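One structure below.
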Amino acid sequence: MTATLSLELKDLLSELRRRNWTLIRWGPEDSPQLWAAMFKWLDCADVFILRSEAKANAYRVPTPDGDGIFNPGRVFYQYHASPLWTLRAILALPEPRHPEAPTGIEGAAPECLLPERLSKPVVLRPLSPYRGA
């Protein structure tokens, strides 16, 4: 995955930082295999997975026990498209207790799952408003 991202996508990634999402990277910083961002709510999590310059996935997953965030079996919501549209979709999703928030459970599409054989270790870091994207 190359480091060239559109200005609009960089702006939306900065919005994740402003909203205190956590960034997860698999692989070395100079050539990551996969990037993801996650925001944990009380009983669910919103997830954005950047797979390439052309492909991304987002979903809201129930987290009653805190497991299965990155390989969900069921989700409240899912969206699969270009990184820009996918990031727009997850950022526009109403908070979980909002009347317009999705509440129906559906099976997670295979695109929600992480690929096998990802690099170790997984690097976790909270996005900070004081660091560049």
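All residue names refer to the structure tokens as shown: chains lettered A, B, ... in order, residues numbered from 1 in each chain, ligands numbered from 1 in order.
Shell of stretch 78-88 of chain A at 9 Å, with only C-alpha atoms counted and residues fewer than 6 places along the chain excluded, is A:Ser6, A:Glu8, A:Leu9, A:Leu12, A:Leu13, A:Phe48, A:Ile49, A:Leu50, A:Arg51, A:Ser52, A:Glu53, A:Ala54, A:Lys55, A:Ala56, A:Asn57, A:Ala58, A:Tyr59, A:Arg60, A:Val61, A:Glu106, A:Ala108, A:Ala109, A:Glu111, A:Cys112.
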Shell around A:Ile105 at 7 Å using only C-alpha atoms, local window under 4 positions removed, as a PDB file with all heavy atoms, in the first residue's frame:
```
ATOM      1  N   ARG A  74     -21.299 -11.124  13.022  1.00  0.00           N
ATOM      2  CA  ARG A  74     -22.508 -10.337  12.816  1.00  0.00           C
ATOM      3  C   ARG A  74     -22.194  -8.867  13.027  1.00  0.00           C
ATOM      4  O   ARG A  74     -21.322  -8.519  13.811  1.00  0.00           O
ATOM      5  CB  ARG A  74     -23.597 -10.787  13.789  1.00  0.00           C
ATOM      6  CG  ARG A  74     -23.925 -12.258  13.631  1.00  0.00           C
ATOM      7  CD  ARG A  74     -24.949 -12.795  14.600  1.00  0.00           C
ATOM      8  NE  ARG A  74     -24.855 -12.242  15.924  1.00  0.00           N
ATOM      9  CZ  ARG A  74     -25.883 -12.106  16.749  1.00  0.00           C
ATOM     10  NH1 ARG A  74     -27.069 -12.500  16.376  1.00  0.00           N
ATOM     11  NH2 ARG A  74     -25.736 -11.607  17.945  1.00  0.00           N
ATOM     12  N   VAL A  75     -22.932  -8.034  12.324  1.00  0.00           N
ATOM     13  CA  VAL A  75     -22.725  -6.587  12.423  1.00  0.00           C
ATOM     14  C   VAL A  75     -24.075  -5.872  12.417  1.00  0.00           C
ATOM     15  O   VAL A  75     -25.085  -6.419  11.968  1.00  0.00           O
ATOM     16  CB  VAL A  75     -21.844  -6.050  11.269  1.00  0.00           C
ATOM     17  CG1 VAL A  75     -20.438  -6.613  11.340  1.00  0.00           C
ATOM     18  CG2 VAL A  75     -22.464  -6.344   9.917  1.00  0.00           C
ATOM     19  N   PHE A  76     -24.071  -4.644  12.924  1.00  0.00           N
ATOM     20  CA  PHE A  76     -25.250  -3.788  12.839  1.00  0.00           C
ATOM     21  C   PHE A  76     -25.301  -3.066  11.497  1.00  0.00           C
ATOM     22  O   PHE A  76     -26.366  -2.669  11.031  1.00  0.00           O
ATOM     23  CB  PHE A  76     -25.226  -2.710  13.939  1.00  0.00           C
ATOM     24  CG  PHE A  76     -25.423  -3.230  15.321  1.00  0.00           C
ATOM     25  CD1 PHE A  76     -24.419  -3.087  16.268  1.00  0.00           C
ATOM     26  CD2 PHE A  76     -26.606  -3.842  15.699  1.00  0.00           C
ATOM     27  CE1 PHE A  76     -24.594  -3.531  17.555  1.00  0.00           C
ATOM     28  CE2 PHE A  76     -26.794  -4.294  16.990  1.00  0.00           C
ATOM     29  CZ  PHE A  76     -25.778  -4.144  17.919  1.00  0.00           C
TER      30      PHE A  76
END
```
Could you please write out, as an mmCIF file with N, CA, C and O atoms, in the first residue's frame, every residue of chain A that DSSP assigns to alpha helix (DSSP H)?
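And here is the file that came out, result29.cif:
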```cif
data_model
loop_
_atom_site.group_PDB
_atom_site.id
_atom_site.type_symbol
_atom_site.label_atom_id
_atom_site.label_comp_id
_atom_site.auth_asym_id
_atom_site.auth_seq_id
_atom_site.Cartn_x
_atom_site.Cartn_y
_atom_site.Cartn_z
ATOM 1 N N LEU A 7 -6.108 14.449 -0.823
ATOM 2 C CA LEU A 7 -6.222 15.464 0.224
ATOM 3 C C LEU A 7 -7.521 15.278 1.001
ATOM 4 O O LEU A 7 -7.544 15.389 2.227
ATOM 5 N N GLU A 8 -8.607 14.971 0.299
ATOM 6 C CA GLU A 8 -9.893 14.778 0.980
ATOM 7 C C GLU A 8 -9.846 13.561 1.905
ATOM 8 O O GLU A 8 -10.359 13.601 3.021
ATOM 9 N N LEU A 9 -9.209 12.487 1.464
ATOM 10 C CA LEU A 9 -9.076 11.301 2.322
ATOM 11 C C LEU A 9 -8.204 11.621 3.531
ATOM 12 O O LEU A 9 -8.522 11.226 4.661
ATOM 13 N N LYS A 10 -7.135 12.373 3.345
ATOM 14 C CA LYS A 10 -6.303 12.784 4.479
ATOM 15 C C LYS A 10 -7.099 13.620 5.470
ATOM 16 O O LYS A 10 -6.952 13.465 6.681
ATOM 17 N N ASP A 11 -7.965 14.501 4.954
ATOM 18 C CA ASP A 11 -8.810 15.310 5.840
ATOM 19 C C ASP A 11 -9.753 14.427 6.651
ATOM 20 O O ASP A 11 -9.952 14.652 7.848
ATOM 21 N N LEU A 12 -10.337 13.419 6.008
ATOM 22 C CA LEU A 12 -11.244 12.528 6.733
ATOM 23 C C LEU A 12 -10.485 11.666 7.746
ATOM 24 O O LEU A 12 -10.981 11.399 8.839
ATOM 25 N N LEU A 13 -9.282 11.250 7.408
ATOM 26 C CA LEU A 13 -8.459 10.508 8.373
ATOM 27 C C LEU A 13 -8.122 11.410 9.564
ATOM 28 O O LEU A 13 -8.082 10.948 10.706
ATOM 29 N N SER A 14 -7.913 12.683 9.317
ATOM 30 C CA SER A 14 -7.682 13.634 10.404
ATOM 31 C C SER A 14 -8.917 13.753 11.287
ATOM 32 O O SER A 14 -8.811 13.950 12.500
ATOM 33 N N GLU A 15 -10.088 13.621 10.688
ATOM 34 C CA GLU A 15 -11.327 13.653 11.474
ATOM 35 C C GLU A 15 -11.386 12.464 12.440
ATOM 36 O O GLU A 15 -11.868 12.595 13.563
ATOM 37 N N LEU A 16 -10.886 11.306 12.026
ATOM 38 C CA LEU A 16 -10.799 10.169 12.952
ATOM 39 C C LEU A 16 -9.959 10.553 14.163
ATOM 40 O O LEU A 16 -10.292 10.218 15.298
ATOM 41 N N ARG A 17 -8.872 11.256 13.925
ATOM 42 C CA ARG A 17 -7.993 11.705 15.012
ATOM 43 C C ARG A 17 -8.750 12.642 15.953
ATOM 44 O O ARG A 17 -8.697 12.479 17.161
ATOM 45 N N ARG A 18 -9.478 13.578 15.375
ATOM 46 C CA ARG A 18 -10.247 14.516 16.204
ATOM 47 C C ARG A 18 -11.306 13.797 17.039
ATOM 48 O O ARG A 18 -11.648 14.242 18.125
ATOM 49 N N PRO A 83 -11.944 3.943 -0.344
ATOM 50 C CA PRO A 83 -11.626 4.484 0.983
ATOM 51 C C PRO A 83 -12.361 5.776 1.303
ATOM 52 O O PRO A 83 -12.869 5.945 2.412
ATOM 53 N N LEU A 84 -12.454 6.676 0.354
ATOM 54 C CA LEU A 84 -13.095 7.962 0.611
ATOM 55 C C LEU A 84 -14.574 7.789 0.963
ATOM 56 O O LEU A 84 -15.045 8.309 1.974
ATOM 57 N N TRP A 85 -15.309 7.037 0.158
ATOM 58 C CA TRP A 85 -16.733 6.839 0.420
ATOM 59 C C TRP A 85 -16.965 6.017 1.682
ATOM 60 O O TRP A 85 -17.906 6.262 2.444
ATOM 61 N N THR A 86 -16.109 5.050 1.918
ATOM 62 C CA THR A 86 -16.263 4.208 3.109
ATOM 63 C C THR A 86 -16.006 5.012 4.369
ATOM 64 O O THR A 86 -16.747 4.886 5.358
ATOM 65 N N LEU A 87 -14.993 5.840 4.357
ATOM 66 C CA LEU A 87 -14.704 6.675 5.519
ATOM 67 C C LEU A 87 -15.821 7.694 5.745
ATOM 68 O O LEU A 87 -16.235 7.927 6.885
ATOM 69 N N ARG A 88 -16.332 8.281 4.675
ATOM 70 C CA ARG A 88 -17.479 9.185 4.808
ATOM 71 C C ARG A 88 -18.666 8.465 5.462
ATOM 72 O O ARG A 88 -19.349 9.023 6.317
ATOM 73 N N ALA A 89 -18.909 7.238 5.038
ATOM 74 C CA ALA A 89 -20.058 6.482 5.544
ATOM 75 C C ALA A 89 -19.933 6.194 7.037
ATOM 76 O O ALA A 89 -20.891 6.383 7.789
ATOM 77 N N ILE A 90 -18.778 5.750 7.478
ATOM 78 C CA ILE A 90 -18.639 5.397 8.899
ATOM 79 C C ILE A 90 -18.637 6.655 9.770
ATOM 80 O O ILE A 90 -19.155 6.646 10.882
ATOM 81 N N LEU A 91 -18.089 7.756 9.265
ATOM 82 C CA LEU A 91 -18.104 8.993 10.046
ATOM 83 C C LEU A 91 -19.502 9.605 10.127
ATOM 84 O O LEU A 91 -19.805 10.328 11.072
ATOM 85 N N ALA A 92 -20.360 9.317 9.153
ATOM 86 C CA ALA A 92 -21.722 9.845 9.161
ATOM 87 C C ALA A 92 -22.696 8.970 9.947
ATOM 88 O O ALA A 92 -23.837 9.367 10.173
#
```
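The space between atom CA of A:Arg19 and atom CA of A:Gly68 spans 22.3 Å.
Candidate residues A:Leu113, A:Pro72, A:Ile24, A:Pro62 were compared for distance to A:Met38, and the nearest is A:Ile24, using only C-alpha atoms.
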Run DSSP on the backbone and grab whatever in stretch 12-133 of chain A lands in strand (DSSP E); send it over as a PyMOL selection string. chain A and resi 22-26+34-40+44-50+56-62+74-75+77-81+106-107+122-126
Go ahead and write the selection's residues with C-alpha atoms as a compact mmCIF listing (two decimals), in the first residue's frame.
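The result, stored in again.txt:
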```txt
# COMPACT_ATOMS: atom_id res chain seq x y z
CA THR A 22 -7.52 4.16 17.66
CA LEU A 23 -5.24 3.36 14.70
CA ILE A 24 -4.00 -0.19 14.15
CA ARG A 25 -1.21 -1.07 11.73
CA TRP A 26 -0.09 -4.50 10.61
CA LEU A 34 -3.10 -3.23 6.44
CA TRP A 35 -4.38 -0.17 8.33
CA ALA A 36 -7.50 -0.06 10.48
CA ALA A 37 -9.15 2.42 12.80
CA MET A 38 -11.57 1.62 15.59
CA PHE A 39 -13.80 3.51 17.97
CA LYS A 40 -15.28 1.62 20.92
CA CYS A 44 -20.32 -1.91 20.07
CA ALA A 45 -17.40 -0.68 17.97
CA ASP A 46 -17.10 1.20 14.69
CA VAL A 47 -14.33 -0.10 12.43
CA PHE A 48 -12.69 1.27 9.27
CA ILE A 49 -10.25 -0.95 7.34
CA LEU A 50 -8.08 0.60 4.64
CA ALA A 56 -11.92 -0.10 2.16
CA ASN A 57 -14.49 -1.57 4.53
CA ALA A 58 -16.40 -0.18 7.48
CA TYR A 59 -18.82 -1.71 9.93
CA ARG A 60 -20.40 -1.43 13.37
CA VAL A 61 -20.01 -4.61 15.37
CA PRO A 62 -21.65 -5.61 18.67
CA ARG A 74 -22.51 -10.34 12.82
CA VAL A 75 -22.72 -6.59 12.42
CA TYR A 77 -24.00 -2.02 9.72
CA GLN A 78 -21.46 -2.56 6.94
CA TYR A 79 -20.21 -0.61 3.95
CA HIS A 80 -17.69 -1.66 1.29
CA ALA A 81 -16.38 0.79 -1.32
CA GLU A 106 -26.96 -9.02 9.87
CA GLY A 107 -24.26 -11.46 8.87
CA VAL A 122 0.07 -5.56 15.81
CA VAL A 123 0.83 -1.93 16.61
CA LEU A 124 -1.89 -0.01 18.46
CA ARG A 125 -1.84 3.70 19.04
CA PRO A 126 -4.56 6.18 19.79
```
